>>> print(open('target.pdb').read())   # PDB, C-alpha atoms, pLDDT in the B column
ATOM      1  CA  MET A   1      -1.494  12.102  21.465  1.00 74.00           C
ATOM      2  CA  PHE A   2      -2.496   9.429  18.944  1.00 67.00           C
ATOM      3  CA  ALA A   3      -5.317  11.567  17.542  1.00 69.00           C
ATOM      4  CA  LEU A   4      -2.992  14.583  17.329  1.00 69.00           C
ATOM      5  CA  LYS A   5      -0.404  12.548  15.403  1.00 76.00           C
ATOM      6  CA  LYS A   6      -3.056  11.275  12.984  1.00 79.00           C
ATOM      7  CA  THR A   7      -4.255  14.838  12.412  1.00 83.00           C
ATOM      8  CA  ILE A   8      -0.861  16.451  11.861  1.00 88.00           C
ATOM      9  CA  THR A   9       0.735  13.733   9.708  1.00 90.00           C
ATOM     10  CA  PRO A  10      -1.508  14.228   6.631  1.00 90.00           C
ATOM     11  CA  PHE A  11      -0.407  17.875   6.485  1.00 87.00           C
ATOM     12  CA  ILE A  12       3.284  16.986   6.680  1.00 91.00           C
ATOM     13  CA  LEU A  13       3.157  14.459   3.840  1.00 92.00           C
ATOM     14  CA  PRO A  14       2.046  15.073   0.242  1.00 95.00           C
ATOM     15  CA  PRO A  15      -0.493  16.055  -0.884  1.00 96.00           C
ATOM     16  CA  GLY A  16      -1.442  17.685   2.429  1.00 94.00           C
ATOM     17  CA  ILE A  17       1.686  19.818   2.715  1.00 95.00           C
ATOM     18  CA  PHE A  18       1.140  21.205  -0.804  1.00 95.00           C
ATOM     19  CA  ILE A  19      -2.549  21.817  -0.163  1.00 95.00           C
ATOM     20  CA  LEU A  20      -1.690  23.670   3.032  1.00 94.00           C
ATOM     21  CA  ALA A  21       0.910  25.780   1.208  1.00 95.00           C
ATOM     22  CA  ILE A  22      -1.512  26.659  -1.610  1.00 95.00           C
ATOM     23  CA  VAL A  23      -4.266  27.642   0.829  1.00 93.00           C
ATOM     24  CA  LEU A  24      -1.960  29.760   2.998  1.00 93.00           C
ATOM     25  CA  ILE A  25      -0.450  31.548  -0.013  1.00 94.00           C
ATOM     26  CA  SER A  26      -3.951  32.165  -1.367  1.00 94.00           C
ATOM     27  CA  LEU A  27      -5.087  33.700   1.911  1.00 90.00           C
ATOM     28  CA  VAL A  28      -2.040  35.992   1.914  1.00 92.00           C
ATOM     29  CA  MET A  29      -2.890  37.105  -1.632  1.00 93.00           C
ATOM     30  CA  VAL A  30      -6.494  37.804  -0.649  1.00 88.00           C
ATOM     31  CA  TYR A  31      -5.284  39.743   2.402  1.00 86.00           C
ATOM     32  CA  ARG A  32      -3.136  41.862   0.075  1.00 89.00           C
ATOM     33  CA  LYS A  33      -6.207  42.454  -2.092  1.00 87.00           C
ATOM     34  CA  ARG A  34      -4.943  40.398  -5.018  1.00 89.00           C
ATOM     35  CA  TRP A  35      -8.439  38.982  -5.223  1.00 87.00           C
ATOM     36  CA  LYS A  36      -8.528  37.158  -8.540  1.00 90.00           C
ATOM     37  CA  LEU A  37      -5.219  35.353  -8.191  1.00 90.00           C
ATOM     38  CA  GLY A  38      -5.768  34.622  -4.514  1.00 91.00           C
ATOM     39  CA  LEU A  39      -9.284  33.222  -4.968  1.00 92.00           C
ATOM     40  CA  SER A  40      -8.234  31.216  -8.039  1.00 93.00           C
ATOM     41  CA  ASN A  41      -5.399  29.591  -6.101  1.00 93.00           C
ATOM     42  CA  LEU A  42      -7.706  28.980  -3.160  1.00 93.00           C
ATOM     43  CA  VAL A  43     -10.205  27.170  -5.389  1.00 95.00           C
ATOM     44  CA  VAL A  44      -7.407  24.980  -6.763  1.00 95.00           C
ATOM     45  CA  GLY A  45      -6.184  24.149  -3.278  1.00 95.00           C
ATOM     46  CA  LEU A  46      -9.666  23.312  -1.999  1.00 95.00           C
ATOM     47  CA  MET A  47     -10.407  21.163  -5.050  1.00 97.00           C
ATOM     48  CA  LEU A  48      -7.183  19.235  -4.502  1.00 97.00           C
ATOM     49  CA  TRP A  49      -8.117  18.827  -0.839  1.00 97.00           C
ATOM     50  CA  ALA A  50     -11.591  17.577  -1.734  1.00 97.00           C
ATOM     51  CA  LEU A  51     -10.190  14.997  -4.167  1.00 98.00           C
ATOM     52  CA  SER A  52      -7.877  13.789  -1.398  1.00 98.00           C
ATOM     53  CA  THR A  53     -10.725  13.061   1.029  1.00 97.00           C
ATOM     54  CA  VAL A  54     -12.589   9.791   1.424  1.00 96.00           C
ATOM     55  CA  PRO A  55     -16.174  11.071   0.844  1.00 96.00           C
ATOM     56  CA  LEU A  56     -15.485  12.561  -2.605  1.00 97.00           C
ATOM     57  CA  SER A  57     -13.120   9.782  -3.642  1.00 97.00           C
ATOM     58  CA  THR A  58     -15.689   7.160  -2.655  1.00 97.00           C
ATOM     59  CA  PHE A  59     -18.460   9.027  -4.481  1.00 97.00           C
ATOM     60  CA  LEU A  60     -16.409   9.150  -7.682  1.00 98.00           C
ATOM     61  CA  ILE A  61     -15.300   5.518  -7.614  1.00 98.00           C
ATOM     62  CA  GLN A  62     -18.728   4.177  -6.643  1.00 97.00           C
ATOM     63  CA  GLY A  63     -20.184   5.900  -9.687  1.00 96.00           C
ATOM     64  CA  LEU A  64     -18.134   3.421 -11.720  1.00 97.00           C
ATOM     65  CA  GLU A  65     -18.509   0.362  -9.497  1.00 97.00           C
ATOM     66  CA  SER A  66     -22.152   0.505  -8.435  1.00 94.00           C
ATOM     67  CA  GLU A  67     -23.633  -1.399 -11.375  1.00 93.00           C
ATOM     68  CA  TYR A  68     -21.373  -4.401 -10.847  1.00 96.00           C
ATOM     69  CA  SER A  69     -21.421  -7.194  -8.305  1.00 95.00           C
ATOM     70  CA  ILE A  70     -19.633 -10.508  -7.930  1.00 94.00           C
ATOM     71  CA  PRO A  71     -21.633 -13.210  -9.773  1.00 92.00           C
ATOM     72  CA  ALA A  72     -22.816 -15.950  -7.437  1.00 90.00           C
ATOM     73  CA  ASN A  73     -22.418 -18.657 -10.083  1.00 92.00           C
ATOM     74  CA  PRO A  74     -20.201 -17.359 -12.861  1.00 93.00           C
ATOM     75  CA  SER A  75     -19.973 -19.419 -16.029  1.00 93.00           C
ATOM     76  CA  GLY A  76     -18.010 -19.156 -19.254  1.00 96.00           C
ATOM     77  CA  ASP A  77     -15.379 -20.911 -21.329  1.00 95.00           C
ATOM     78  CA  VAL A  78     -12.345 -18.661 -20.710  1.00 98.00           C
ATOM     79  CA  ILE A  79     -11.149 -16.004 -18.264  1.00 98.00           C
ATOM     80  CA  ILE A  80      -9.794 -12.788 -19.772  1.00 98.00           C
ATOM     81  CA  LEU A  81      -7.450 -11.126 -17.298  1.00 98.00           C
ATOM     82  CA  LEU A  82      -6.715  -7.466 -18.034  1.00 97.00           C
ATOM     83  CA  GLY A  83      -3.316  -6.295 -16.844  1.00 94.00           C
ATOM     84  CA  GLY A  84      -2.974  -3.019 -14.982  1.00 90.00           C
ATOM     85  CA  GLY A  85       0.700  -2.119 -15.041  1.00 91.00           C
ATOM     86  CA  LEU A  86       3.873  -3.417 -13.424  1.00 94.00           C
ATOM     87  CA  ILE A  87       6.835  -2.326 -11.309  1.00 94.00           C
ATOM     88  CA  GLU A  88       9.909  -2.698 -13.483  1.00 93.00           C
ATOM     89  CA  GLY A  89      13.380  -3.829 -12.535  1.00 91.00           C
ATOM     90  CA  VAL A  90      12.713  -4.886  -8.941  1.00 95.00           C
ATOM     91  CA  PRO A  91      13.889  -8.229  -7.535  1.00 96.00           C
ATOM     92  CA  ASP A  92      11.304 -10.941  -7.058  1.00 95.00           C
ATOM     93  CA  LEU A  93      11.202 -14.503  -5.753  1.00 95.00           C
ATOM     94  CA  THR A  94      11.179 -16.008  -9.260  1.00 95.00           C
ATOM     95  CA  GLY A  95      12.530 -13.275 -11.514  1.00 94.00           C
ATOM     96  CA  THR A  96      12.711  -9.537 -12.060  1.00 93.00           C
ATOM     97  CA  SER A  97       9.834  -7.037 -12.084  1.00 94.00           C
ATOM     98  CA  THR A  98       6.485  -7.514 -10.381  1.00 96.00           C
ATOM     99  CA  PRO A  99       2.866  -6.676 -11.152  1.00 96.00           C
ATOM    100  CA  SER A 100       1.585  -3.354  -9.865  1.00 95.00           C
ATOM    101  CA  PRO A 101      -0.779  -3.557  -6.875  1.00 94.00           C
ATOM    102  CA  SER A 102      -3.768  -3.190  -9.209  1.00 94.00           C
ATOM    103  CA  THR A 103      -2.543  -6.008 -11.462  1.00 96.00           C
ATOM    104  CA  MET A 104      -1.753  -8.174  -8.443  1.00 97.00           C
ATOM    105  CA  GLY A 105      -5.306  -7.851  -7.169  1.00 97.00           C
ATOM    106  CA  ARG A 106      -6.585  -9.042 -10.541  1.00 98.00           C
ATOM    107  CA  ILE A 107      -4.115 -11.941 -10.652  1.00 98.00           C
ATOM    108  CA  VAL A 108      -5.131 -13.201  -7.220  1.00 98.00           C
ATOM    109  CA  THR A 109      -8.819 -13.104  -8.125  1.00 98.00           C
ATOM    110  CA  ALA A 110      -8.103 -14.831 -11.451  1.00 98.00           C
ATOM    111  CA  VAL A 111      -6.340 -17.680  -9.627  1.00 98.00           C
ATOM    112  CA  ARG A 112      -9.210 -18.043  -7.166  1.00 97.00           C
ATOM    113  CA  LEU A 113     -11.691 -18.111 -10.054  1.00 97.00           C
ATOM    114  CA  TYR A 114      -9.517 -20.619 -11.942  1.00 98.00           C
ATOM    115  CA  ARG A 115      -9.529 -22.966  -8.969  1.00 97.00           C
ATOM    116  CA  ARG A 116     -13.314 -22.799  -8.862  1.00 96.00           C
ATOM    117  CA  LEU A 117     -14.034 -23.125 -12.589  1.00 97.00           C
ATOM    118  CA  SER A 118     -10.865 -24.692 -14.075  1.00 96.00           C
ATOM    119  CA  LEU A 119     -11.089 -22.390 -17.111  1.00 98.00           C
ATOM    120  CA  PRO A 120      -8.137 -21.340 -19.282  1.00 98.00           C
ATOM    121  CA  ILE A 121      -6.853 -17.797 -18.811  1.00 98.00           C
ATOM    122  CA  ILE A 122      -5.957 -15.237 -21.456  1.00 98.00           C
ATOM    123  CA  VAL A 123      -3.836 -12.538 -19.844  1.00 98.00           C
ATOM    124  CA  THR A 124      -3.478  -9.341 -21.844  1.00 97.00           C
ATOM    125  CA  GLY A 125      -1.140  -6.393 -21.433  1.00 96.00           C
ATOM    126  CA  GLY A 126       1.863  -5.118 -23.363  1.00 93.00           C
ATOM    127  CA  ARG A 127       4.759  -2.860 -22.444  1.00 89.00           C
ATOM    128  CA  ASP A 128       3.849   0.303 -20.554  1.00 80.00           C
ATOM    129  CA  HIS A 129       6.343   2.283 -22.666  1.00 77.00           C
ATOM    130  CA  ASP A 130       8.807   1.664 -25.468  1.00 72.00           C
ATOM    131  CA  GLU A 131      11.798   1.297 -23.133  1.00 69.00           C
ATOM    132  CA  ALA A 132      10.117  -1.267 -20.860  1.00 73.00           C
ATOM    133  CA  ASP A 133      11.964  -4.556 -20.393  1.00 79.00           C
ATOM    134  CA  SER A 134       8.876  -6.738 -20.076  1.00 88.00           C
ATOM    135  CA  ALA A 135       5.218  -6.816 -21.010  1.00 94.00           C
ATOM    136  CA  VAL A 136       2.639  -6.775 -18.242  1.00 96.00           C
ATOM    137  CA  ALA A 137       1.156 -10.073 -19.452  1.00 97.00           C
ATOM    138  CA  THR A 138       4.558 -11.809 -19.329  1.00 96.00           C
ATOM    139  CA  ILE A 139       5.088 -10.876 -15.697  1.00 97.00           C
ATOM    140  CA  ALA A 140       1.478 -11.738 -14.856  1.00 97.00           C
ATOM    141  CA  LYS A 141       1.928 -15.204 -16.407  1.00 98.00           C
ATOM    142  CA  ARG A 142       4.914 -15.886 -14.144  1.00 98.00           C
ATOM    143  CA  PHE A 143       2.856 -15.009 -11.088  1.00 98.00           C
ATOM    144  CA  LEU A 144      -0.115 -17.068 -12.278  1.00 98.00           C
ATOM    145  CA  MET A 145       2.177 -20.081 -12.624  1.00 98.00           C
ATOM    146  CA  ASP A 146       3.780 -19.406  -9.228  1.00 98.00           C
ATOM    147  CA  LEU A 147       0.274 -19.478  -7.738  1.00 97.00           C
ATOM    148  CA  GLY A 148      -0.518 -22.852  -9.280  1.00 97.00           C
ATOM    149  CA  VAL A 149      -2.061 -22.226 -12.701  1.00 98.00           C
ATOM    150  CA  PRO A 150      -0.516 -24.640 -15.253  1.00 98.00           C
ATOM    151  CA  GLU A 151       1.363 -23.033 -18.132  1.00 97.00           C
ATOM    152  CA  LYS A 152      -0.796 -24.905 -20.653  1.00 97.00           C
ATOM    153  CA  SER A 153      -3.856 -23.091 -19.267  1.00 98.00           C
ATOM    154  CA  ILE A 154      -2.394 -19.615 -19.878  1.00 98.00           C
ATOM    155  CA  THR A 155      -2.386 -17.678 -23.154  1.00 98.00           C
ATOM    156  CA  VAL A 156      -0.365 -14.463 -23.261  1.00 97.00           C
ATOM    157  CA  GLU A 157      -1.345 -11.409 -25.305  1.00 97.00           C
ATOM    158  CA  ASP A 158       1.617  -9.058 -24.876  1.00 95.00           C
ATOM    159  CA  ARG A 159       1.096  -6.357 -27.526  1.00 95.00           C
ATOM    160  CA  ALA A 160      -1.857  -4.314 -26.223  1.00 95.00           C
ATOM    161  CA  ARG A 161      -0.956  -0.830 -24.985  1.00 93.00           C
ATOM    162  CA  ASP A 162      -4.399   0.294 -23.817  1.00 95.00           C
ATOM    163  CA  THR A 163      -7.863  -1.058 -23.022  1.00 96.00           C
ATOM    164  CA  ALA A 164      -9.124  -0.740 -26.607  1.00 96.00           C
ATOM    165  CA  GLN A 165      -6.193  -2.836 -27.870  1.00 96.00           C
ATOM    166  CA  ASN A 166      -6.730  -5.306 -25.006  1.00 97.00           C
ATOM    167  CA  ALA A 167     -10.245  -5.839 -26.317  1.00 97.00           C
ATOM    168  CA  ARG A 168      -9.424  -6.081 -30.036  1.00 97.00           C
ATOM    169  CA  LEU A 169      -6.429  -8.389 -29.685  1.00 97.00           C
ATOM    170  CA  THR A 170      -8.038 -10.612 -27.051  1.00 98.00           C
ATOM    171  CA  ALA A 171     -11.279 -10.883 -29.033  1.00 97.00           C
ATOM    172  CA  ALA A 172      -9.206 -12.104 -31.986  1.00 97.00           C
ATOM    173  CA  ILE A 173      -7.570 -14.775 -29.797  1.00 97.00           C
ATOM    174  CA  CYS A 174     -10.979 -15.906 -28.536  1.00 97.00           C
ATOM    175  CA  ARG A 175     -12.243 -16.323 -32.087  1.00 96.00           C
ATOM    176  CA  GLN A 176      -9.113 -18.200 -33.127  1.00 96.00           C
ATOM    177  CA  GLN A 177      -9.345 -20.584 -30.174  1.00 96.00           C
ATOM    178  CA  GLY A 178     -13.130 -21.010 -30.333  1.00 96.00           C
ATOM    179  CA  PHE A 179     -14.072 -19.214 -27.105  1.00 97.00           C
ATOM    180  CA  SER A 180     -17.493 -17.570 -27.178  1.00 95.00           C
ATOM    181  CA  LYS A 181     -18.365 -16.994 -23.519  1.00 97.00           C
ATOM    182  CA  PRO A 182     -15.454 -15.104 -21.962  1.00 98.00           C
ATOM    183  CA  ILE A 183     -15.441 -13.897 -18.381  1.00 98.00           C
ATOM    184  CA  LEU A 184     -13.865 -10.426 -18.301  1.00 98.00           C
ATOM    185  CA  LEU A 185     -11.895  -9.949 -15.091  1.00 98.00           C
ATOM    186  CA  THR A 186     -10.567  -6.551 -14.086  1.00 98.00           C
ATOM    187  CA  ALA A 187     -10.980  -3.973 -11.323  1.00 98.00           C
ATOM    188  CA  ALA A 188     -14.612  -3.050 -10.693  1.00 98.00           C
ATOM    189  CA  TYR A 189     -13.979   0.614 -11.524  1.00 98.00           C
ATOM    190  CA  HIS A 190     -12.462  -0.417 -14.886  1.00 98.00           C
ATOM    191  CA  LEU A 191     -15.278  -2.732 -15.986  1.00 98.00           C
ATOM    192  CA  LYS A 192     -17.570  -0.109 -17.514  1.00 97.00           C
ATOM    193  CA  ARG A 193     -14.966   1.190 -19.949  1.00 98.00           C
ATOM    194  CA  SER A 194     -13.624  -2.309 -20.603  1.00 98.00           C
ATOM    195  CA  ARG A 195     -17.065  -3.579 -21.579  1.00 97.00           C
ATOM    196  CA  MET A 196     -17.465  -0.663 -23.967  1.00 97.00           C
ATOM    197  CA  ALA A 197     -14.175  -1.651 -25.618  1.00 97.00           C
ATOM    198  CA  PHE A 198     -15.150  -5.320 -25.896  1.00 97.00           C
ATOM    199  CA  ASP A 199     -18.594  -4.423 -27.255  1.00 97.00           C
ATOM    200  CA  ALA A 200     -16.873  -2.348 -29.935  1.00 97.00           C
ATOM    201  CA  ALA A 201     -14.638  -5.347 -30.701  1.00 96.00           C
ATOM    202  CA  GLY A 202     -17.752  -7.497 -31.219  1.00 96.00           C
ATOM    203  CA  MET A 203     -17.218  -9.665 -28.146  1.00 96.00           C
ATOM    204  CA  GLN A 204     -19.912 -10.125 -25.504  1.00 95.00           C
ATOM    205  CA  VAL A 205     -18.404 -10.762 -22.062  1.00 97.00           C
ATOM    206  CA  THR A 206     -19.521 -11.622 -18.552  1.00 96.00           C
ATOM    207  CA  PRO A 207     -18.086  -8.914 -16.266  1.00 97.00           C
ATOM    208  CA  PHE A 208     -16.328 -10.095 -13.125  1.00 98.00           C
ATOM    209  CA  PRO A 209     -14.954  -7.487 -10.692  1.00 98.00           C
ATOM    210  CA  ALA A 210     -11.589  -8.470  -9.248  1.00 97.00           C
ATOM    211  CA  TYR A 211     -11.920  -5.999  -6.373  1.00 96.00           C
ATOM    212  CA  PHE A 212     -13.729  -2.834  -5.299  1.00 97.00           C
ATOM    213  CA  LEU A 213     -12.201   0.421  -4.064  1.00 96.00           C
ATOM    214  CA  GLY A 214     -15.347   2.216  -2.919  1.00 94.00           C
ATOM    215  CA  SER A 215     -16.293   1.223   0.625  1.00 88.00           C
ATOM    216  CA  ARG A 216     -20.026   0.990   1.176  1.00 85.00           C
ATOM    217  CA  ASN A 217     -22.089   2.070   4.161  1.00 83.00           C
ATOM    218  CA  ILE A 218     -19.163   3.253   6.247  1.00 85.00           C
ATOM    219  CA  PRO A 219     -19.813   6.027   8.797  1.00 90.00           C
ATOM    220  CA  TYR A 220     -17.695   9.079   7.975  1.00 92.00           C
ATOM    221  CA  THR A 221     -15.810  10.908  10.706  1.00 90.00           C
ATOM    222  CA  TRP A 222     -13.646  14.034  10.681  1.00 90.00           C
ATOM    223  CA  ARG A 223     -10.618  11.829   9.944  1.00 92.00           C
ATOM    224  CA  HIS A 224     -12.072  11.006   6.530  1.00 94.00           C
ATOM    225  CA  LEU A 225     -11.763  14.706   5.636  1.00 94.00           C
ATOM    226  CA  LEU A 226      -7.992  14.705   6.064  1.00 95.00           C
ATOM    227  CA  PRO A 227      -6.030  14.653   2.758  1.00 96.00           C
ATOM    228  CA  ARG A 228      -4.340  11.364   1.894  1.00 96.00           C
ATOM    229  CA  ALA A 229      -2.121  10.426  -1.049  1.00 96.00           C
ATOM    230  CA  GLY A 230      -3.825   7.055  -1.465  1.00 96.00           C
ATOM    231  CA  THR A 231      -7.235   8.690  -1.533  1.00 97.00           C
ATOM    232  CA  LEU A 232      -6.088  11.204  -4.149  1.00 97.00           C
ATOM    233  CA  HIS A 233      -4.753   8.285  -6.194  1.00 97.00           C
ATOM    234  CA  THR A 234      -8.186   6.625  -6.079  1.00 97.00           C
ATOM    235  CA  SER A 235      -9.833   9.866  -7.203  1.00 98.00           C
ATOM    236  CA  ALA A 236      -7.331  10.085 -10.061  1.00 98.00           C
ATOM    237  CA  LYS A 237      -8.179   6.525 -11.138  1.00 97.00           C
ATOM    238  CA  ALA A 238     -11.860   7.399 -11.184  1.00 98.00           C
ATOM    239  CA  LEU A 239     -11.326  10.609 -13.166  1.00 98.00           C
ATOM    240  CA  HIS A 240      -9.164   8.704 -15.650  1.00 97.00           C
ATOM    241  CA  GLU A 241     -12.037   6.282 -16.234  1.00 98.00           C
ATOM    242  CA  TYR A 242     -14.636   9.043 -16.620  1.00 98.00           C
ATOM    243  CA  ILE A 243     -12.445  10.781 -19.202  1.00 98.00           C
ATOM    244  CA  GLY A 244     -11.933   7.467 -21.015  1.00 97.00           C
ATOM    245  CA  ILE A 245     -15.662   6.721 -21.039  1.00 97.00           C
ATOM    246  CA  PHE A 246     -16.422  10.191 -22.391  1.00 97.00           C
ATOM    247  CA  TYR A 247     -13.807   9.703 -25.118  1.00 96.00           C
ATOM    248  CA  TYR A 248     -15.226   6.295 -26.067  1.00 96.00           C
ATOM    249  CA  ARG A 249     -18.709   7.778 -26.354  1.00 95.00           C
ATOM    250  CA  MET A 250     -17.530  10.685 -28.483  1.00 94.00           C
ATOM    251  CA  VAL A 251     -14.916   8.959 -30.658  1.00 92.00           C
ATOM    252  CA  GLY A 252     -15.138   5.233 -29.926  1.00 87.00           C
ATOM    253  CA  PRO A 253     -12.559   2.771 -28.529  1.00 86.00           C
TER     254      PRO A 253
END
>>> encode(input="target.pdb", output="C-alpha cells")
Amino acid sequence: MFALKKTITPFILPPGIFILAIVLISLVMVYRKRWKLGLSNLVVGLMLWALSTVPLSTFLIQGLESEYSIPANPSGDVIILLGGGLIEGVPDLTGTSTPSPSTMGRIVTAVRLYRRLSLPIIVTGGRDHDEADSAVATIAKRFLMDLGVPEKSITVEDRARDTAQNARLTAAICRQQGFSKPILLTAAYHLKRSRMAFDAAGMQVTPFPAYFLGSRNIPYTWRHLLPRAGTLHTSAKALHEYIGIFYYRMVGP
C-alpha cells in the first residue's frame, strides 16, 4: 500500500498531473493520425517528465557543482554573502518577511563560517522587484544578527538586482574598506556564474559553497523516475545558471 501511494501521488500533484495529461492527449492525437501535433506534444511532455526526475536533475546540477568543494582551511579577510531571494510579507519571530530557502541555507553557512573565522560579512541583495517592501540583504542581516553575528560585523549592500550588480557593488565596498581576500559564499550551483561576475568586476575571490543540491553516488531506483515538483525546480535552477553562463560568455556580466 505504501509503495502504491508513493507511485500514484506524483501523478496527482503538479507537475505529474500535467505531464500525464499532455502524454495522454498526445497519444489520442497520434491515434487519430494527427501525427505532427501529437508527436510534438508528446516530446514536450516527455521532456518535462525527464526534467522532473532525479537522474537528469542531478546530472544538470552536478555539471555546475562538480568543480567546487568545501575548503578544509578557508582563509580571507571578509565573507561576501550573496542573497538568493526572500518571502515577502510573512510573519517572523523578529519582524516581517523571511529569507527564501536558498538564502537561508547561505545565511546558516555564513554564520557557521563566521564562528570559525571571526571575519566581517558583506551581505548583498536588493529588492526582487520595484514593489518589494524590503531588500534581501536587509532581511538577511536581521537573521544574521538573530543567529549571533554582531551588527558591527555586518555590512549591507541593498541595491544589487542581479549577480552582476552583486559583484560590481560588493567589489566597490571591498576596495573602500580595504578588503583584498574575500571569501565568496553562495550555493554551489551558483558559484561558477558568480565567479565570472566577480572576475569581470576585477575582484579575485575564494569560492565557498554554502550547500550542494546534487547528491553523489546514490543508487537510483524506479522511484527516482517519478516526476516531482522539487526536482523540476532544481532542474530549472540549473538551466537558469547555464543560460546565465552562456550570456556572460557572449555579452559579459
>>> resolve_selection(input="target.pdb", expression="the PyMOL selection byres ((chain A and resi 152) around 12)", output="number ranges by chain")
A: 119-122, 141, 144-145, 148-151, 153-156
>>> atom_distance(input="target.pdb", atom1="atom CA of A:Ala236", atom2="atom CA of A:Gln62")
13.3 Å
>>> residues_around(input="target.pdb", residues="A:Val78", least_positions_apart="3", cutoff="12 Å", atoms="only C-alpha atoms", output="PyMOL selection string")
chain A and resi 74-75+81+110+113-114+117-123+153-155+170-171+173-175+177-185+205-206
>>> atom_distance(input="target.pdb", atom1="atom CA of A:Asp133", atom2="atom CA of A:Leu86")
10.7 Å
>>> residues_around(input="target.pdb", residues="A:Arg168", least_positions_apart="3", cutoff="10 Å", atoms="only C-alpha atoms", output="NGL selection string")
:A and (160 or 163-165 or 171-173 or 197-203 or 253)
>>> resolve_selection(input="target.pdb", expression="the PyMOL selection byres ((chain A and resi 60) around 12)", output="ChimeraX atom specification")
/A:50-59,61-66,189,213-215,231-242
>>> resolve_selection(input="target.pdb", expression="the PyMOL selection byres ((chain A and resi 88-104) around 12)", output="ChimeraX atom specification")
/A:81-87,105-111,123-125,127-129,131-147,185-190,210-213,233-234,237
>>> atom_distance(input="target.pdb", atom1="atom CA of A:Ser194", atom2="atom CA of A:Ala229")
26.0 Å
>>> residues_around(input="target.pdb", residues="A:Leu46", least_positions_apart="4", cutoff="8 Å", atoms="all atoms listed in the file", output="ChimeraX atom specification")
/A:19,23,42,50
>>> closest_residue(input="target.pdb", among="A:Arg216, A:Arg112, A:Arg193, A:Leu48", to="A:Gly16", atoms="all atoms listed in the file")
A:Leu48
>>> axis_aligned_box(input="target.pdb", around="stretch 101-108 of chain A", padding_each_side="6 Å", output="lines of an AutoDock Vina configuration file")
center_x = -3.7
center_y = -8.2
center_z = -9.2
size_x = 17.8
size_y = 22.0
size_z = 16.6
>>> closest_residue(input="target.pdb", among="A:Gly252, A:Leu226, A:Ile80, A:Pro15", to="A:Asn166", atoms="all atoms listed in the file")
A:Ile80
>>> closest_residue(input="target.pdb", among="A:Arg195, A:Leu27, A:Pro71, A:Trp49", to="A:Pro10", atoms="all atoms listed in the file")
A:Trp49
